[in-house]
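Structure, as structure tokens:
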Amino acid sequence: MKRALVIGSPVAQARSPLLHSFWLKEYGIAGEYGREEVQPEHVAEFLRNLPARGYAGCNVTIPDKEAAFHACTHTTSRASALEAVNTIWFENGEIWGDNTDGLGFVAHLDAVHPGWDETNRHILLLGAGGGARGLAMPLLERKPLRLAFSNRSEDRLGKLLADLKKVAPHAPVDIVPWDAKDGALADFDLVINTTSLGMQGKEPLSLDLSRLPAHAIVADIVYVPLETPLLAAAKSRGLRTLDGLGMLLHQAVPGFEKWFGRKPEVTEALRAHIVAHLPK
Ligand SMILES: NC(=O)c1ccc[n+]([C@@H]2O[C@H](COP(=O)([O-])OP(=O)(O)OC[C@H]3O[C@@H](n4cnc5c(N)ncnc54)[C@H](OP(=O)(O)O)[C@@H]3O)[C@@H](O)[C@H]2O)c1
């Protein structure tokens, strides 16, 4: 029996068990996917003991992603740039870590708007938290002409850009001041919200989309609600949109393949299964 799990704190709300259990059933794989509450200070020891307990690996959620990065003996270049991992597996006695959040976002963008990287190459990314960090490198790998960041707190954004410059010194990145983002929209054709604004219980992101060109895509990584006020506004302007749920589904693909030996598919049935379990 192959086994994996998600760790974090709290971990009760994590949606990974729903996803992976769906695929295990779908493909008739004798496997198990659980969850365990682990505090950051216990992550290293927890991971060292996992193979002996019969686990092939795990997902890592907040607040354990940085501690898990430091507990890994090998990490992918993506994870090293972020100093955070969300997917762990074991190979020849080594602990490997990757960060698949941004890959998930880009895979969803490819699936819904194929060819976007030829037509929508001026990207404005709102936010500078964990979500923004995850998206930066996978977006840069698609060679945008411009990747601008805008964030309420300049300090946090400055740190993100400094880290990015270390791994991608020639990347076409710059800053749009938070107060200037409405006026700057005419220069962009892919806008991505990675702030928590618009999430259930939070105020909406205030953004005037009227200057965006007609071929622009507006994306949100928030997925509760599935249609955020930002996406609703983009739709009513006739713009193309991308919701945050696809990122969650696609980021799980590499882990499942490593642990259970089959590359799973992100299907409408999987999406419907997760949507049915989202808060109304
Ligand atoms: N779809 C997915 O798979 C996926 C994956 C990861 C995260 N998410 C979602 O993405 C959202 C952000 O997650 P995260 O991990 O990046 O969070 P985080 O690290 O806490 O970052 C939060 C971001 O939101 C900004 N923000 C929060 N309140 C704000 C306000 N009132 N005005 C302006 N900016 C504000 C913060 O700006 P400051 O720096 O100024 O505080 C920061 O940029 C959450 O809703 C999360 O559920 C989705």
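Naming works like this for the structure tokens: A, B, ... for the chains as they're shown, residue 1 at the start of each chain, ligands 1 onward in shown order.
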Could the residues that lie within 6 Å of ligand 1, counting only C-alpha atoms and all ligand atoms, be listed as a compact mmCIF listing (two decimals) with N, CA and C atoms, in the first residue's frame?
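Final output, result.txt:
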# COMPACT_ATOMS: atom_id res chain seq x y z
N GLY A 127 0.27 41.51 -5.38
CA GLY A 127 0.58 40.74 -4.17
C GLY A 127 2.06 40.40 -4.11
N ALA A 128 2.52 40.08 -2.91
CA ALA A 128 3.94 39.72 -2.73
C ALA A 128 4.09 38.66 -1.64
N GLY A 129 3.00 37.94 -1.36
CA GLY A 129 3.03 36.91 -0.33
C GLY A 129 3.46 35.57 -0.92
N GLY A 130 3.09 34.49 -0.23
CA GLY A 130 3.48 33.14 -0.65
C GLY A 130 2.98 32.83 -2.06
N GLY A 131 1.77 33.23 -2.37
CA GLY A 131 1.21 32.95 -3.69
C GLY A 131 2.00 33.62 -4.79
N ALA A 132 2.34 34.90 -4.59
CA ALA A 132 3.11 35.65 -5.60
C ALA A 132 4.49 35.03 -5.79
N ASN A 151 2.20 45.75 -4.78
CA ASN A 151 1.81 45.24 -3.46
C ASN A 151 1.63 46.40 -2.49
N ARG A 152 0.67 46.23 -1.57
CA ARG A 152 0.42 47.28 -0.57
C ARG A 152 1.69 47.58 0.22
N SER A 153 2.34 46.54 0.73
CA SER A 153 3.53 46.78 1.55
C SER A 153 4.79 46.75 0.68
N ARG A 156 7.76 44.19 1.77
CA ARG A 156 7.60 42.78 1.39
C ARG A 156 7.90 42.58 -0.09
N THR A 194 -2.93 37.83 -6.58
CA THR A 194 -2.46 36.83 -5.61
C THR A 194 -2.60 37.36 -4.20
N THR A 195 -3.28 38.51 -4.03
CA THR A 195 -3.56 38.98 -2.67
C THR A 195 -4.75 38.17 -2.14
N SER A 196 -4.98 38.28 -0.85
CA SER A 196 -6.14 37.57 -0.30
C SER A 196 -7.42 38.41 -0.41
N LEU A 197 -7.33 39.58 -1.04
CA LEU A 197 -8.52 40.42 -1.23
C LEU A 197 -9.49 39.71 -2.18
N MET A 199 -11.30 37.21 -1.15
CA MET A 199 -11.58 35.94 -0.51
C MET A 199 -12.80 36.09 0.39
N ILE A 221 -6.06 33.92 -7.89
CA ILE A 221 -5.70 32.63 -7.28
C ILE A 221 -6.60 32.31 -6.09
N VAL A 222 -7.39 33.30 -5.68
CA VAL A 222 -8.40 33.04 -4.64
C VAL A 222 -9.47 32.13 -5.26
N TYR A 223 -9.90 31.09 -4.55
CA TYR A 223 -10.94 30.22 -5.12
C TYR A 223 -12.16 30.03 -4.21
N GLY A 244 -9.16 30.50 -9.48
CA GLY A 244 -8.05 29.98 -8.67
C GLY A 244 -8.10 28.48 -8.42
N LEU A 245 -9.25 27.86 -8.71
CA LEU A 245 -9.36 26.44 -8.36
C LEU A 245 -8.44 25.56 -9.20
N MET A 247 -5.54 26.08 -10.28
CA MET A 247 -4.17 26.07 -9.74
C MET A 247 -4.05 25.02 -8.64
N LEU A 248 -5.05 24.98 -7.77
CA LEU A 248 -5.06 24.00 -6.68
C LEU A 248 -5.04 22.57 -7.25
Neighbouring residues of Leu185 of chain A were defined as those with any atom within 6 Å, considering only C-alpha atoms; residues of the same chain fewer than 3 positions away were excluded. Please report them as a PyMOL selection string. chain A and resi 182+188+211-212
Emit the selected residues as a compact mmCIF listing (two decimals), in the first residue's frame, including N, CA and C atoms.
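Full text of result.txt as output:
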# COMPACT_ATOMS: atom_id res chain seq x y z
N ASP A 182 -4.36 51.22 -11.08
CA ASP A 182 -5.50 51.45 -12.00
C ASP A 182 -5.02 52.12 -13.29
N PHE A 188 -0.92 46.46 -19.68
CA PHE A 188 -0.86 45.04 -19.34
C PHE A 188 -1.97 44.25 -20.03
N ARG A 211 -9.34 50.32 -18.31
CA ARG A 211 -8.22 50.62 -19.22
C ARG A 211 -7.58 49.37 -19.83
N LEU A 212 -7.93 48.21 -19.32
CA LEU A 212 -7.29 46.98 -19.84
C LEU A 212 -7.63 46.77 -21.31
What are the closest atom pairs, with distances in Å to one decimal, for each residue of segment 31-93 of chain A lying within 9 Å of segment 158-178 of chain A, using only C-alpha atoms, rows by chain and rising residue number, as a tab-separated table?
residue	atom	partner	partner_atom	distance
A:Ser77	CA	A:Val167	CA	8.9
A:Ala81	CA	A:Val167	CA	6.4
A:Leu82	CA	A:Asp163	CA	7.9
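The closest residue to Gly102 of chain A, picked from A:Ala12, A:Ala79, A:Leu270, A:Leu205 and counting only C-alpha atoms, is A:Ala79.
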Where in segment 96-194 of chain A does DSSP assign strand (DSSP E or B), given as an mmCIF file with N, CA and C atoms, in the first residue's frame?
data_model
loop_
_atom_site.group_PDB
_atom_site.id
_atom_site.type_symbol
_atom_site.label_atom_id
_atom_site.label_comp_id
_atom_site.auth_asym_id
_atom_site.auth_seq_id
_atom_site.Cartn_x
_atom_site.Cartn_y
_atom_site.Cartn_z
ATOM 1 N N TRP A 96 13.672 14.984 -0.914
ATOM 2 C CA TRP A 96 13.560 15.924 -2.029
ATOM 3 C C TRP A 96 12.360 16.850 -1.859
ATOM 4 N N GLY A 97 12.518 18.107 -2.269
ATOM 5 C CA GLY A 97 11.392 19.036 -2.167
ATOM 6 C C GLY A 97 11.236 19.875 -3.419
ATOM 7 N N ASP A 98 9.986 20.141 -3.774
ATOM 8 C CA ASP A 98 9.688 21.007 -4.924
ATOM 9 C C ASP A 98 8.566 21.973 -4.516
ATOM 10 N N HIS A 122 2.487 40.864 -21.199
ATOM 11 C CA HIS A 122 2.730 41.974 -20.271
ATOM 12 C C HIS A 122 1.926 41.692 -19.015
ATOM 13 N N ILE A 123 2.619 41.219 -17.995
ATOM 14 C CA ILE A 123 1.920 40.665 -16.830
ATOM 15 C C ILE A 123 2.019 41.604 -15.626
ATOM 16 N N LEU A 124 0.867 41.839 -14.996
ATOM 17 C CA LEU A 124 0.848 42.566 -13.724
ATOM 18 C C LEU A 124 0.386 41.603 -12.648
ATOM 19 N N LEU A 125 1.265 41.383 -11.660
ATOM 20 C CA LEU A 125 0.961 40.454 -10.581
ATOM 21 C C LEU A 125 0.716 41.253 -9.305
ATOM 22 N N LEU A 126 -0.470 41.136 -8.743
ATOM 23 C CA LEU A 126 -0.816 41.882 -7.536
ATOM 24 C C LEU A 126 -0.568 40.998 -6.319
ATOM 25 N N ARG A 146 7.257 41.630 -19.914
ATOM 26 C CA ARG A 146 7.305 42.404 -18.676
ATOM 27 C C ARG A 146 6.544 41.649 -17.583
ATOM 28 N N LEU A 147 7.142 41.579 -16.407
ATOM 29 C CA LEU A 147 6.432 41.037 -15.240
ATOM 30 C C LEU A 147 6.550 42.090 -14.144
ATOM 31 N N ALA A 148 5.456 42.829 -13.951
ATOM 32 C CA ALA A 148 5.462 43.881 -12.932
ATOM 33 C C ALA A 148 4.702 43.403 -11.706
ATOM 34 N N PHE A 149 5.170 43.853 -10.549
ATOM 35 C CA PHE A 149 4.530 43.482 -9.288
ATOM 36 C C PHE A 149 3.967 44.736 -8.634
ATOM 37 N N SER A 150 2.834 44.580 -7.961
ATOM 38 C CA SER A 150 2.278 45.684 -7.191
ATOM 39 C C SER A 150 1.797 45.116 -5.865
ATOM 40 N N VAL A 173 11.609 42.375 -14.738
ATOM 41 C CA VAL A 173 10.680 42.627 -13.636
ATOM 42 C C VAL A 173 10.784 44.075 -13.163
ATOM 43 N N ASP A 174 9.671 44.624 -12.733
ATOM 44 C CA ASP A 174 9.666 45.962 -12.149
ATOM 45 C C ASP A 174 8.466 46.123 -11.224
ATOM 46 N N ILE A 175 8.329 47.338 -10.696
ATOM 47 C CA ILE A 175 7.284 47.587 -9.694
ATOM 48 C C ILE A 175 6.298 48.629 -10.193
ATOM 49 N N LEU A 190 -2.223 40.660 -18.972
ATOM 50 C CA LEU A 190 -2.509 39.543 -18.062
ATOM 51 C C LEU A 190 -2.384 40.086 -16.645
ATOM 52 N N VAL A 191 -3.495 40.101 -15.927
ATOM 53 C CA VAL A 191 -3.499 40.624 -14.556
ATOM 54 C C VAL A 191 -3.845 39.477 -13.624
ATOM 55 N N ILE A 192 -2.997 39.302 -12.613
ATOM 56 C CA ILE A 192 -3.191 38.157 -11.711
ATOM 57 C C ILE A 192 -3.289 38.663 -10.274
ATOM 58 N N ASN A 193 -4.395 38.366 -9.620
ATOM 59 C CA ASN A 193 -4.508 38.720 -8.204
ATOM 60 C C ASN A 193 -3.998 37.577 -7.341
#
So which residues touch Glu26 of chain A within 12 Å, counting only C-alpha atoms, skipping near sequence neighbours fewer than 2 positions away, as number ranges by chain? A: 19-24, 28-31, 262, 264-267, 269-270, 273
So which bits of segment 69-248 of chain A end up helix (DSSP H, G or I) when you DSSP the backbone, as number ranges by chain? A: 69-71, 77-82, 101-112, 116-119, 130-140, 154-167, 178-187, 209-211, 229-236, 245-248
Pro229 of chain A proximity check over A:Glu45, A:Asp243, A:Glu268, A:Asp155, using only C-alpha atoms: winner is A:Asp243
d(atom CA of Gly115 of chain A, atom CA of Ile217 of chain A) in Å: 12.0 Å
